[in-house]
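Comments concern the structure below.
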Amino acid sequence: MIVCVCHRVSDHTIARCARSGMAFDDIQLELGVATQCGQCESGARALWSECTSHQAVAHIQLHPAKLPAQAASA
Ligand code: FES
């Protein structure tokens with residue numbers, strides 16, 4: 001689905017960028033999201049936030065050796 005109509009940027013593209021660690025400002029600079037009419041900004045930011053928060057959870061689950069001893073043994 002296209003999120004930013006002005007620059008034809010899809011939800012998949014924003015999600016991929018977010019999961020690769022790009023800040024929202026970087027996505028704006030690279031793709032132009034939310035830099036023209038601004039109608040897409042709240043949706044694009046919400047999508048970016050959702051994808052970056054999921055990335056943090058996945059990172060913790062993939063690296064149990066970095067958890068405190070109590071959490072790792074649970
Ligand atoms: S829809 Fe994204 S800037 Fe206009």
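Residues in the structure tokens are numbered from 1 in each chain, the chains being A, B, ... in the order shown, and ligands are numbered from 1 in the order shown.
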
Environment of ligand 1 within 9 Å, counting only C-alpha atoms and all ligand atoms, reported as an NGL selection string: :A and (2-9 or 32-41 or 44)

Selection: 9 Å around A:Thr52, only C-alpha atoms, excl. self and same-chain fewer than 5 positions, as a list in words: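 Surrounding residues, per the criterion: Ala15, Ala18, Arg19, Ser20, Gly21, Met22, Leu47 and Val57 of chain A.
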
Exercise: A:Phe24 partners within 8 Å, only C-alpha atoms, chain neighbours under 4 positions left out, as a list in words: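 The residues satisfying every condition are Ala18, Gln28, Arg45 and Trp48 of chain A.
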
Coordinates-based distance that separates atom CA of A:Ala46 from atom CA of A:Asp25 (Å, one decimal): 13.5 Å
